[in-house]
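Here is the structure we will look at, set down as structure tokens.
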Amino acid sequence: PGALRGAGSEPAPQPYLLPIVSFVLSVRQELPHLQIRCVDLDASAAPAEMWPMLASELQRSEAQYVIALRGGYRWEREVVPAVFENSHVAPVHAGAVYLVSGGTGGVGAALAQALIRARPQARLALVGRSMLPPRDTWEQVCLSSTEDDPVRQRIERVSALEGLGAEVAVFCADVADPSQVKDMVIAVEDRFGPVTGVLHAAGDMTGNSFKSVLDLEVEDFERQFRPKVLGALNLE
């Protein structure tokens, strides 16, 4: 219970349960021959009330696979286009500071570029687990390395942001470590002032991270949850 929101008055889903829904989606894509679904039970109902509905649900053959059972009713998840009342970009005051965890990685840098294009006055604090080499060596590092070199790629991502006119600073911290996050935020605020917003894109994107669900071990889940889940809690 708590992974999905059923009726409109229910509280928001519990964030720590949402990965279960994502896991179901992944399994269905990778192993389409398996029948798997996510059924979120009614936390306020007695177990004896839920078992008949759950048994009936498991016998269904239709494609819908994300279900919430509430008050004797069956709710199906439906994806609909979002409608925004105001489509314009909110103005950013001079000196707005955005912290981007995983900011020198591929996903973080892409988000940072989108932010700067939409809000060119923003300043960026990019956070990663390892620091870049001294700035005066960047050109030499890029010239002496191959295109797939990870350090070169991180340098080029920062340079691309600066090419868009962004003021960028890179900070080193493991966002899964609360003490490192605390020190990092102090350093960011010493450099830029109070943080306006956070984009959380930290994660493990190394080659060993891409496996079939059949090959995943507990350690693989922990390696992903550490920066994403613990990082989100610490940044909050």
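Going by the structure tokens order, chains are called A, B, ..., each with residues numbered from 1, while ligands are numbered from 1 in the order shown.
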Self-check item: A:Leu230 surroundings by only C-alpha atoms, 10 Å radius, close-in-sequence under 3 positions cut, as JSON, numbers by chain
Solution: {"A": [175, 176, 177, 178, 224, 225, 226, 227, 233, 234, 235, 236]}
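Residues in contact range of A:Ala114, defined as at most 12 Å between only C-alpha atoms, with sequence neighbours fewer than 2 positions away removed, read Val107, Gly108, Ala109, Ala110, Leu111, Ala112, Ile116, Arg117, Ala118, Arg119, Pro120, Ala122, Leu124, Ala160, Leu161, Leu164, Ala166 and Leu199 of chain A.
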Next, the residues of the selection above should be written as a short mmCIF file (atom, residue, chain, number, x, y, z; two decimals), in the first residue's frame with all heavy atoms.
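Saved result, out.cif, follows:
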data_model
loop_
_atom_site.label_atom_id
_atom_site.label_comp_id
_atom_site.auth_asym_id
_atom_site.auth_seq_id
_atom_site.Cartn_x
_atom_site.Cartn_y
_atom_site.Cartn_z
N VAL A 107 23.56 12.80 -18.27
CA VAL A 107 22.20 13.21 -17.95
C VAL A 107 22.20 14.57 -17.26
O VAL A 107 21.43 15.48 -17.62
CB VAL A 107 21.50 12.16 -17.08
CG1 VAL A 107 20.12 12.65 -16.65
CG2 VAL A 107 21.38 10.84 -17.81
N GLY A 108 23.06 14.73 -16.26
CA GLY A 108 23.11 15.99 -15.53
C GLY A 108 23.47 17.16 -16.42
O GLY A 108 22.86 18.24 -16.32
N ALA A 109 24.43 16.97 -17.30
CA ALA A 109 24.84 18.05 -18.19
C ALA A 109 23.73 18.40 -19.18
O ALA A 109 23.53 19.57 -19.52
CB ALA A 109 26.11 17.66 -18.94
N ALA A 110 22.98 17.40 -19.64
CA ALA A 110 21.86 17.66 -20.56
C ALA A 110 20.78 18.48 -19.86
O ALA A 110 20.22 19.43 -20.44
CB ALA A 110 21.29 16.35 -21.08
N LEU A 111 20.49 18.14 -18.61
CA LEU A 111 19.51 18.92 -17.85
C LEU A 111 20.00 20.34 -17.61
O LEU A 111 19.23 21.31 -17.71
CB LEU A 111 19.22 18.23 -16.51
CG LEU A 111 18.47 16.89 -16.58
CD1 LEU A 111 18.41 16.26 -15.20
CD2 LEU A 111 17.08 17.09 -17.14
N ALA A 112 21.30 20.46 -17.32
CA ALA A 112 21.87 21.79 -17.07
C ALA A 112 21.80 22.64 -18.34
O ALA A 112 21.51 23.85 -18.28
CB ALA A 112 23.32 21.65 -16.60
N ILE A 116 19.85 26.22 -18.72
CA ILE A 116 20.49 27.46 -19.13
C ILE A 116 19.83 28.05 -20.37
O ILE A 116 19.69 29.28 -20.50
CB ILE A 116 22.01 27.22 -19.38
CG1 ILE A 116 22.71 27.05 -18.03
CG2 ILE A 116 22.63 28.37 -20.14
CD1 ILE A 116 22.60 28.25 -17.11
N ARG A 117 19.40 27.20 -21.27
CA ARG A 117 18.72 27.73 -22.47
C ARG A 117 17.39 28.40 -22.08
O ARG A 117 16.98 29.37 -22.71
CB ARG A 117 18.47 26.60 -23.47
CG ARG A 117 19.75 26.13 -24.17
CD ARG A 117 19.43 25.23 -25.35
NE ARG A 117 20.64 24.91 -26.11
CZ ARG A 117 21.33 23.79 -25.98
NH1 ARG A 117 20.93 22.87 -25.11
NH2 ARG A 117 22.42 23.58 -26.71
N ALA A 118 16.73 27.85 -21.06
CA ALA A 118 15.45 28.42 -20.63
C ALA A 118 15.65 29.59 -19.67
O ALA A 118 14.85 30.53 -19.66
CB ALA A 118 14.60 27.34 -19.95
N ARG A 119 16.74 29.54 -18.91
CA ARG A 119 16.97 30.55 -17.89
C ARG A 119 18.43 31.00 -17.93
O ARG A 119 19.25 30.61 -17.10
CB ARG A 119 16.62 29.98 -16.51
CG ARG A 119 15.15 29.62 -16.42
CD ARG A 119 14.79 28.93 -15.15
NE ARG A 119 13.34 28.85 -15.03
CZ ARG A 119 12.69 28.04 -14.20
NH1 ARG A 119 13.37 27.21 -13.45
NH2 ARG A 119 11.38 28.06 -14.14
N PRO A 120 18.76 31.80 -18.91
CA PRO A 120 20.17 32.15 -19.15
C PRO A 120 20.84 32.91 -18.01
O PRO A 120 22.06 32.98 -17.98
CB PRO A 120 20.11 32.98 -20.44
CG PRO A 120 18.69 33.36 -20.62
CD PRO A 120 17.86 32.36 -19.92
N ALA A 122 20.72 32.03 -14.89
CA ALA A 122 21.03 31.13 -13.79
C ALA A 122 22.52 30.84 -13.71
O ALA A 122 23.24 30.88 -14.72
CB ALA A 122 20.25 29.83 -13.94
N LEU A 124 25.31 27.87 -12.24
CA LEU A 124 25.27 26.43 -12.04
C LEU A 124 26.38 25.94 -11.11
O LEU A 124 27.55 26.27 -11.30
CB LEU A 124 25.41 25.71 -13.38
CG LEU A 124 24.32 25.98 -14.43
CD1 LEU A 124 24.67 25.26 -15.72
CD2 LEU A 124 22.97 25.53 -13.91
N ALA A 160 30.91 23.25 -22.74
CA ALA A 160 29.71 23.51 -23.54
C ALA A 160 28.73 24.40 -22.79
O ALA A 160 28.10 25.30 -23.37
CB ALA A 160 29.05 22.19 -23.92
N LEU A 161 28.59 24.18 -21.49
CA LEU A 161 27.71 25.03 -20.68
C LEU A 161 28.24 26.45 -20.64
O LEU A 161 27.47 27.42 -20.75
CB LEU A 161 27.60 24.45 -19.27
CG LEU A 161 26.77 23.18 -19.12
CD1 LEU A 161 26.98 22.55 -17.75
CD2 LEU A 161 25.29 23.48 -19.35
N LEU A 164 27.46 28.41 -23.60
CA LEU A 164 26.10 28.95 -23.65
C LEU A 164 25.96 30.21 -22.81
O LEU A 164 24.87 30.78 -22.73
CB LEU A 164 25.10 27.89 -23.16
CG LEU A 164 24.94 26.64 -24.03
CD1 LEU A 164 24.05 25.62 -23.33
CD2 LEU A 164 24.36 27.01 -25.39
N ALA A 166 26.82 30.34 -19.46
CA ALA A 166 26.56 30.03 -18.06
C ALA A 166 27.80 30.29 -17.20
O ALA A 166 28.93 30.08 -17.63
CB ALA A 166 26.13 28.58 -17.91
N LEU A 199 18.65 20.08 -9.19
CA LEU A 199 18.36 19.04 -10.18
C LEU A 199 19.16 17.82 -9.77
O LEU A 199 20.40 17.86 -9.77
CB LEU A 199 18.76 19.49 -11.58
CG LEU A 199 18.03 20.71 -12.16
CD1 LEU A 199 18.59 21.05 -13.54
CD2 LEU A 199 16.54 20.46 -12.24
#
Quiz item: Using only C-alpha atoms, which residues sit within 9 Å of stretch 70-72 of chain A once same-chain residues fewer than 2 positions away are excluded, as a PyMOL selection string?
Solution: chain A and resi 6-7+40-45+49-50+53+68+74-75
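Atom CA of A:Leu25 sits 24.6 Å away from atom CA of A:Gly102.
Counting only C-alpha atoms, the residue from A:Arg157, A:Arg129, A:Arg60, A:His200 that sits nearest to A:Gln113 is A:Arg157.
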Exercise. Please indicate the distance in Å from atom CA of A:Pro19 to atom CA of A:Val198, rounded to one decimal place.
Key: 20.9 Å
Quiz item: Hey, which of A:His93, A:Cys38, A:Tyr98, A:Tyr16 ends up closest to A:Lys228? Count only C-alpha atoms.
Solution: A:Tyr16
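Atom CA of A:Asp174 sits 25.8 Å away from atom CA of A:Ser145.
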Exercise. Just list the residues in stretch 73-170 of chain A DSSP gives helix (DSSP H, G or I) on the backbone, as a PyMOL selection string.
Key: chain A and resi 106-118+135-143+150-163
Quiz item: So which residues of stretch 54-231 of chain A fall under strand (DSSP E) by DSSP, listed as a PyMOL selection string?
Solution: chain A and resi 66-70+73-76+97-101+123-128+167-172+197-200
Quiz item: What lies within 9 Å of A:Leu54 using only C-alpha atoms, ignoring chain neighbours under 5 positions off, as a PyMOL selection string?
Solution: chain A and resi 39+41+59+69
Quiz item: Contacts of A:Asp215 at 12 Å or less, counting only C-alpha atoms, minus same-chain residues fewer than 6 places along, as a ChimeraX atom specification?
Solution: /A:27,30,208-209,221
Can you spit out the residues from that selection as a short mmCIF file (atom, residue, chain, number, x, y, z; two decimals), in the first residue's frame, using N, CA and C atoms?
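Writing the result to out.cif gives the following:
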data_model
loop_
_atom_site.label_atom_id
_atom_site.label_comp_id
_atom_site.auth_asym_id
_atom_site.auth_seq_id
_atom_site.Cartn_x
_atom_site.Cartn_y
_atom_site.Cartn_z
N VAL A 27 10.66 -4.99 -16.26
CA VAL A 27 10.55 -6.43 -16.48
C VAL A 27 9.65 -6.71 -17.68
N GLU A 30 11.67 -6.06 -20.88
CA GLU A 30 12.78 -6.97 -21.16
C GLU A 30 12.32 -8.42 -21.31
N ASN A 208 28.95 -1.72 -16.08
CA ASN A 208 28.36 -2.80 -15.30
C ASN A 208 26.94 -2.50 -14.85
N SER A 209 26.49 -1.25 -15.05
CA SER A 209 25.15 -0.88 -14.61
C SER A 209 24.08 -1.34 -15.58
N PHE A 221 21.35 -3.27 -7.29
CA PHE A 221 20.30 -2.37 -6.83
C PHE A 221 20.86 -1.36 -5.84
#
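The residue that comes closest to A:Val185, out of A:Cys142, A:Pro32, A:Val97, A:Gly203 and on the basis of only C-alpha atoms, is A:Val97.
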Practice problem: Name all residues at most 12 Å from A:Pro150 (count only C-alpha atoms; drop same-chain ones fewer than 6 positions away) and give them as a list in words. | Solution: Thr104, Gly105, Gly106, Ser130, Leu132, Val141, Cys142, Glu156, Arg157, Met205 and Thr206 of chain A
For the residues in the current selection, export N, CA and C atoms as a PDB file, in the first residue's frame.
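What landed in selection_31.pdb:
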ATOM      1  N   THR A 104      28.283  16.780 -14.131  1.00  0.00           N
ATOM      2  CA  THR A 104      29.242  16.619 -15.225  1.00  0.00           C
ATOM      3  C   THR A 104      29.029  15.321 -15.982  1.00  0.00           C
ATOM      4  N   GLY A 105      28.021  14.535 -15.585  1.00  0.00           N
ATOM      5  CA  GLY A 105      27.674  13.329 -16.320  1.00  0.00           C
ATOM      6  C   GLY A 105      26.767  13.663 -17.495  1.00  0.00           C
ATOM      7  N   GLY A 106      26.465  12.661 -18.297  1.00  0.00           N
ATOM      8  CA  GLY A 106      25.672  12.904 -19.494  1.00  0.00           C
ATOM      9  C   GLY A 106      24.279  13.430 -19.204  1.00  0.00           C
ATOM     10  N   SER A 130      34.036  13.083  -8.305  1.00  0.00           N
ATOM     11  CA  SER A 130      35.462  13.350  -8.477  1.00  0.00           C
ATOM     12  C   SER A 130      35.639  14.719  -9.121  1.00  0.00           C
ATOM     13  N   LEU A 132      37.418  17.719 -11.393  1.00  0.00           N
ATOM     14  CA  LEU A 132      38.110  17.848 -12.667  1.00  0.00           C
ATOM     15  C   LEU A 132      39.550  18.284 -12.425  1.00  0.00           C
ATOM     16  N   VAL A 141      44.682  18.123 -21.546  1.00  0.00           N
ATOM     17  CA  VAL A 141      44.014  16.852 -21.258  1.00  0.00           C
ATOM     18  C   VAL A 141      43.179  16.412 -22.452  1.00  0.00           C
ATOM     19  N   CYS A 142      42.453  17.328 -23.039  1.00  0.00           N
ATOM     20  CA  CYS A 142      41.599  17.000 -24.187  1.00  0.00           C
ATOM     21  C   CYS A 142      42.421  16.625 -25.417  1.00  0.00           C
ATOM     22  N   GLU A 156      34.501  18.645 -21.523  1.00  0.00           N
ATOM     23  CA  GLU A 156      33.783  19.168 -22.682  1.00  0.00           C
ATOM     24  C   GLU A 156      32.348  19.546 -22.329  1.00  0.00           C
ATOM     25  N   ARG A 157      31.742  18.830 -21.404  1.00  0.00           N
ATOM     26  CA  ARG A 157      30.382  19.173 -20.990  1.00  0.00           C
ATOM     27  C   ARG A 157      30.358  20.500 -20.247  1.00  0.00           C
ATOM     28  N   MET A 205      26.409   5.187 -14.039  1.00  0.00           N
ATOM     29  CA  MET A 205      26.162   4.896 -15.456  1.00  0.00           C
ATOM     30  C   MET A 205      27.321   4.124 -16.072  1.00  0.00           C
ATOM     31  N   THR A 206      28.106   3.438 -15.244  1.00  0.00           N
ATOM     32  CA  THR A 206      29.223   2.659 -15.764  1.00  0.00           C
ATOM     33  C   THR A 206      28.702   1.431 -16.513  1.00  0.00           C
TER      34      THR A 206
END
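For A:Trp138, the set of protein, DNA and RNA residues having any atom at most 12 Å away, when counting only C-alpha atoms and skipping those fewer than 2 positions along the same chain, is Leu132, Pro133, Pro134, Arg135, Asp136, Gln140, Val141, Cys142, Leu143, Ser144, Ser145, Val151, Arg152, Gln153, Arg154, Ile155, Glu156, Arg157, Val158 and Ser159 of chain A.
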Output file for the residues above (C-alpha atoms, as a tab-separated table (two decimals), in the first residue's frame):
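Below is the file that was written, out28.tsv:
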chain	number	residue	atom	x	y	z
A	132	LEU	CA	38.11	17.85	-12.67
A	133	PRO	CA	41.82	18.55	-13.22
A	134	PRO	CA	43.00	22.16	-12.86
A	135	ARG	CA	41.38	24.41	-15.45
A	136	ASP	CA	44.71	25.47	-16.97
A	140	GLN	CA	46.17	19.59	-22.79
A	141	VAL	CA	44.01	16.85	-21.26
A	142	CYS	CA	41.60	17.00	-24.19
A	143	LEU	CA	44.39	17.02	-26.77
A	144	SER	CA	46.16	14.05	-25.22
A	145	SER	CA	43.12	11.82	-24.67
A	151	VAL	CA	37.63	13.06	-17.91
A	152	ARG	CA	37.73	14.65	-21.36
A	153	GLN	CA	33.98	14.17	-21.73
A	154	ARG	CA	33.31	15.88	-18.41
A	155	ILE	CA	35.56	18.80	-19.34
A	156	GLU	CA	33.78	19.17	-22.68
A	157	ARG	CA	30.38	19.17	-20.99
A	158	VAL	CA	31.40	21.97	-18.65
A	159	SER	CA	32.94	23.91	-21.54
Practice problem: Name the closest residue to A:Phe210 among the candidates A:Gly231, A:Pro52, A:Arg28, A:Arg223; distances are taken between atoms, counting only C-alpha atoms. | Solution: A:Arg223
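Ranking A:Ala125, A:Val168, A:Pro13, A:Phe84 by their shortest atom-to-atom distance to A:Ile186, with only C-alpha atoms included, puts A:Ala125 first.
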